[in-house]
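Novice: I'd like to ask some things about the structure below.
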Amino acid sequence: MYYETATNDHGLPHDPLKALIAPRPIGWISSLDAEGIPNLAPYSFFNLLATNPAIVGFSSASKKDSQRNIEVTGDFVCNFASVDLIDSVNATAKHVAAHVNEFELAGLTQSESRLVKAPRVAEARAHLECRYIKTVELPHEEDSEMVWSLVLGRVLAVHIDDAYVRDGLVDTLAMEPLTRMGYLDYGVLGGVLSRERP
Ligand SMILES: Cc1cc2nc3c(=O)[nH]c(=O)nc-3n(C[C@H](O)[C@H](O)[C@H](O)COP(=O)(O)O)c2cc1C
């Protein structure tokens with residue numbers, strides 16, 4: 001099949017694009033609002049964008065609580081979403097009022113960060129403590145109902161559960177990252193292939 005995005009005339013019941021850019025990592029973003037109420041939500045338009053300095057980014061479809069909090073407080077944490085936490089991850093995507101603490105909603109434990117104010121998900125196997133850099137509004141049509149923004153943060157500190165560091169390497173497969181595919185689908189990693197660089 002072939003279609004053009006100006007008209008999105010794919011003829012399918014759902015937009016197929018997200019099913020093609022898959023699996024996507026999930027940034028499970030925790031932040032605090034101005035009153036100090038914690039917020040937690042998954043973002044799969046998320047990635048590590050650079051190292052030295054390490055920079056992560058996620059895109060928000062309109063200004064949601066995470067983006068608003070991060071712009072006000074200046075920091076956030078990316079918590080590692082693993083397969084065993086799928087229902088907690090999903091629960092924290094619920095559209096709820098800004099003052100609702102999604103840690104409580106999903107029965108998760110908050111733990112303090114070292115360099116940032118935003119709390120960490122204690123159940124997560126790794127965490128990136130991040131300082132907000134800036135928000136980049138993504139290009140859109142003038143009459144567009146939805147404006148996307150890319151929120152960038154510098155990774156200040158990294159926590160990794162030592163159980164997953166083996167022979168000096170992080171065993172990502174053992175950490176069982178939960179990934180996002182299209183529609184209602186999540187993915188699990190099926191294996192690892194290694195090659196020497198040419
Ligand atoms: C796995 C998953 C990934 C998601 N990724 C995104 C995303 O990249 N961008 C986005 O705007 N919403 C995304 N959502 C929806 C948000 O998580 C949802 O709108 C949430 O309520 C936002 O919470 P917040 O307002 O507390 O930031 C995703 C939902 C799920 C379940």
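Each chain in the structure tokens gets a letter, A, B, ..., in the order shown, and its residues are numbered from 1; ligands are numbered from 1 in order too.
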Near A:Ala122, within 7 Å and counting only C-alpha atoms, which residues show up once chain neighbours fewer than 4 positions away are dropped, as a VMD selection string?

Specialist: chain A and resid 109 to 111

Novice: Distance table requested - chain A against ligand 1, cut-off 7 Å, only C-alpha atoms and all ligand atoms: one row per qualifying residue with the closest atom pair and its distance in Å to one decimal, ordered by chain and rising residue number, as a tab-separated table.

Specialist:
residue	atom	partner	partner_atom_place_in_ligand_line	distance
A:Ile26	CA	ligand 1	1 (C)	6.3
A:Asn39	CA	ligand 1	26 (O)	5.6
A:Leu40	CA	ligand 1	26 (O)	5.7
A:Ala41	CA	ligand 1	23 (O)	4.6
A:Pro42	CA	ligand 1	17 (O)	4.4
A:Tyr43	CA	ligand 1	5 (N)	3.3
A:Ser44	CA	ligand 1	5 (N)	3.9
A:Phe45	CA	ligand 1	8 (O)	3.6
A:Phe46	CA	ligand 1	8 (O)	6.2
A:Phe58	CA	ligand 1	8 (O)	6.2
A:Ser59	CA	ligand 1	9 (N)	5.2
A:Ser60	CA	ligand 1	11 (O)	3.6
A:Ala61	CA	ligand 1	11 (O)	3.7
A:Ser62	CA	ligand 1	11 (O)	6.6
A:Lys64	CA	ligand 1	25 (O)	4.0
A:Asp65	CA	ligand 1	25 (O)	3.7
A:Ser66	CA	ligand 1	27 (O)	3.7
A:Gln67	CA	ligand 1	27 (O)	6.4
A:Val89	CA	ligand 1	31 (C)	6.7
A:Asn90	CA	ligand 1	31 (C)	4.8
A:Thr92	CA	ligand 1	21 (O)	6.8
A:Ala93	CA	ligand 1	17 (O)	3.9
A:Lys94	CA	ligand 1	21 (O)	4.8
A:His95	CA	ligand 1	21 (O)	4.1
A:Val96	CA	ligand 1	21 (O)	6.6
A:Ala98	CA	ligand 1	26 (O)	6.8
A:Arg180	CA	ligand 1	1 (C)	5.6

Novice: As an NGL selection string, please: the residues near A:Val72 (cut-off 10 Å, only C-alpha atoms, same-chain neighbours under 4 positions excluded).

Specialist: :A and (32-34 or 66-68 or 132)

Novice: Name the residues in contact with A:Val155 at a cut-off of 10 Å, using only C-alpha atoms, excluding same-chain residues fewer than 3 positions from it; report them as a list of chain:residue names.

Specialist: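 Listing them by chain and then by number gives A:Leu48, A:Ala50, A:Thr51, A:Asn52, A:Pro53, A:Ala54, A:Ile55, A:Val56, A:Asp75, A:Phe76, A:Val77, A:Cys78, A:His127, A:Leu128, A:Glu129, A:Cys130, A:Arg131, A:Tyr132, A:Leu152, A:Val158.
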
Novice: Find, counting only C-alpha atoms, the residue in A:Tyr2, A:Thr73, A:Glu137, A:Ser30 that gets nearest to A:Leu17.

Specialist: A:Tyr2

Novice: Between atom CA of A:Arg24 and atom CA of A:Leu138, what is the distance in Å, rounded to a tenth?

Specialist: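 So the answer is 19.2 Å.
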
Novice: Name all residues at most 12 Å from A:Leu173 (count only C-alpha atoms; drop same-chain ones fewer than 3 positions away) and give them as a list of chain:residue names.

Specialist: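 Answer for this query is A:Ser82, A:Val83, A:Tyr164, A:Val165, A:Arg166, A:Leu169, A:Val170, A:Glu176, A:Pro177, A:Leu178, A:Val188, A:Leu189, A:Gly190, A:Gly191, A:Val192, A:Leu193.
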
Novice: Those same residues - N, CA and C atoms - I'd like them written as an mmCIF file, in the first residue's frame.

Specialist:
data_model
loop_
_atom_site.group_PDB
_atom_site.id
_atom_site.type_symbol
_atom_site.label_atom_id
_atom_site.label_comp_id
_atom_site.auth_asym_id
_atom_site.auth_seq_id
_atom_site.Cartn_x
_atom_site.Cartn_y
_atom_site.Cartn_z
ATOM 1 N N SER A 82 9.553 -1.640 32.568
ATOM 2 C CA SER A 82 9.837 -3.044 32.263
ATOM 3 C C SER A 82 8.520 -3.814 32.114
ATOM 4 N N VAL A 83 8.638 -4.994 31.501
ATOM 5 C CA VAL A 83 7.449 -5.771 31.133
ATOM 6 C C VAL A 83 6.548 -6.057 32.340
ATOM 7 N N TYR A 164 21.414 -6.096 37.350
ATOM 8 C CA TYR A 164 21.423 -6.185 35.882
ATOM 9 C C TYR A 164 22.751 -5.766 35.275
ATOM 10 N N VAL A 165 23.752 -5.523 36.115
ATOM 11 C CA VAL A 165 25.090 -5.220 35.610
ATOM 12 C C VAL A 165 25.925 -6.485 35.754
ATOM 13 N N ARG A 166 26.257 -7.076 34.609
ATOM 14 C CA ARG A 166 26.970 -8.365 34.637
ATOM 15 C C ARG A 166 28.232 -8.276 33.803
ATOM 16 N N LEU A 169 28.790 -5.116 31.945
ATOM 17 C CA LEU A 169 27.830 -4.674 30.923
ATOM 18 C C LEU A 169 26.416 -4.700 31.496
ATOM 19 N N VAL A 170 25.598 -3.757 31.037
ATOM 20 C CA VAL A 170 24.187 -3.799 31.423
ATOM 21 C C VAL A 170 23.510 -4.877 30.582
ATOM 22 N N GLU A 176 14.292 -6.630 30.638
ATOM 23 C CA GLU A 176 12.974 -6.751 29.998
ATOM 24 C C GLU A 176 12.292 -5.403 29.772
ATOM 25 N N PRO A 177 12.914 -4.556 28.921
ATOM 26 C CA PRO A 177 12.269 -3.273 28.660
ATOM 27 C C PRO A 177 10.911 -3.459 27.995
ATOM 28 N N LEU A 178 9.955 -2.696 28.450
ATOM 29 C CA LEU A 178 8.629 -2.666 27.825
ATOM 30 C C LEU A 178 8.702 -1.648 26.696
ATOM 31 N N VAL A 188 7.845 -6.839 23.594
ATOM 32 C CA VAL A 188 8.900 -7.337 24.483
ATOM 33 C C VAL A 188 10.079 -7.726 23.595
ATOM 34 N N LEU A 189 11.296 -7.607 24.113
ATOM 35 C CA LEU A 189 12.468 -7.932 23.304
ATOM 36 C C LEU A 189 12.566 -9.442 23.120
ATOM 37 N N GLY A 190 12.875 -9.861 21.900
ATOM 38 C CA GLY A 190 12.931 -11.291 21.612
ATOM 39 C C GLY A 190 14.322 -11.880 21.647
ATOM 40 N N GLY A 191 15.360 -11.062 21.646
ATOM 41 C CA GLY A 191 16.708 -11.614 21.633
ATOM 42 C C GLY A 191 17.723 -10.554 21.285
ATOM 43 N N VAL A 192 18.982 -10.946 21.225
ATOM 44 C CA VAL A 192 20.071 -10.002 20.951
ATOM 45 C C VAL A 192 20.950 -10.568 19.843
ATOM 46 N N LEU A 193 21.318 -9.740 18.869
ATOM 47 C CA LEU A 193 22.298 -10.110 17.847
ATOM 48 C C LEU A 193 23.470 -9.157 17.999
#

Novice: Among chain A, which residues does DSSP mark as strand (DSSP E or B) when it is run on the backbone? Keep the chain and numbering as in the structure and answer as an NGL selection string.

Specialist: :A and (24-25 or 27-32 or 38-43 or 46-50 or 55-61 or 75-80 or 82 or 110-111 or 120-121 or 126-137 or 148-160 or 165-166 or 169-170 or 177 or 179-180 or 186-187)
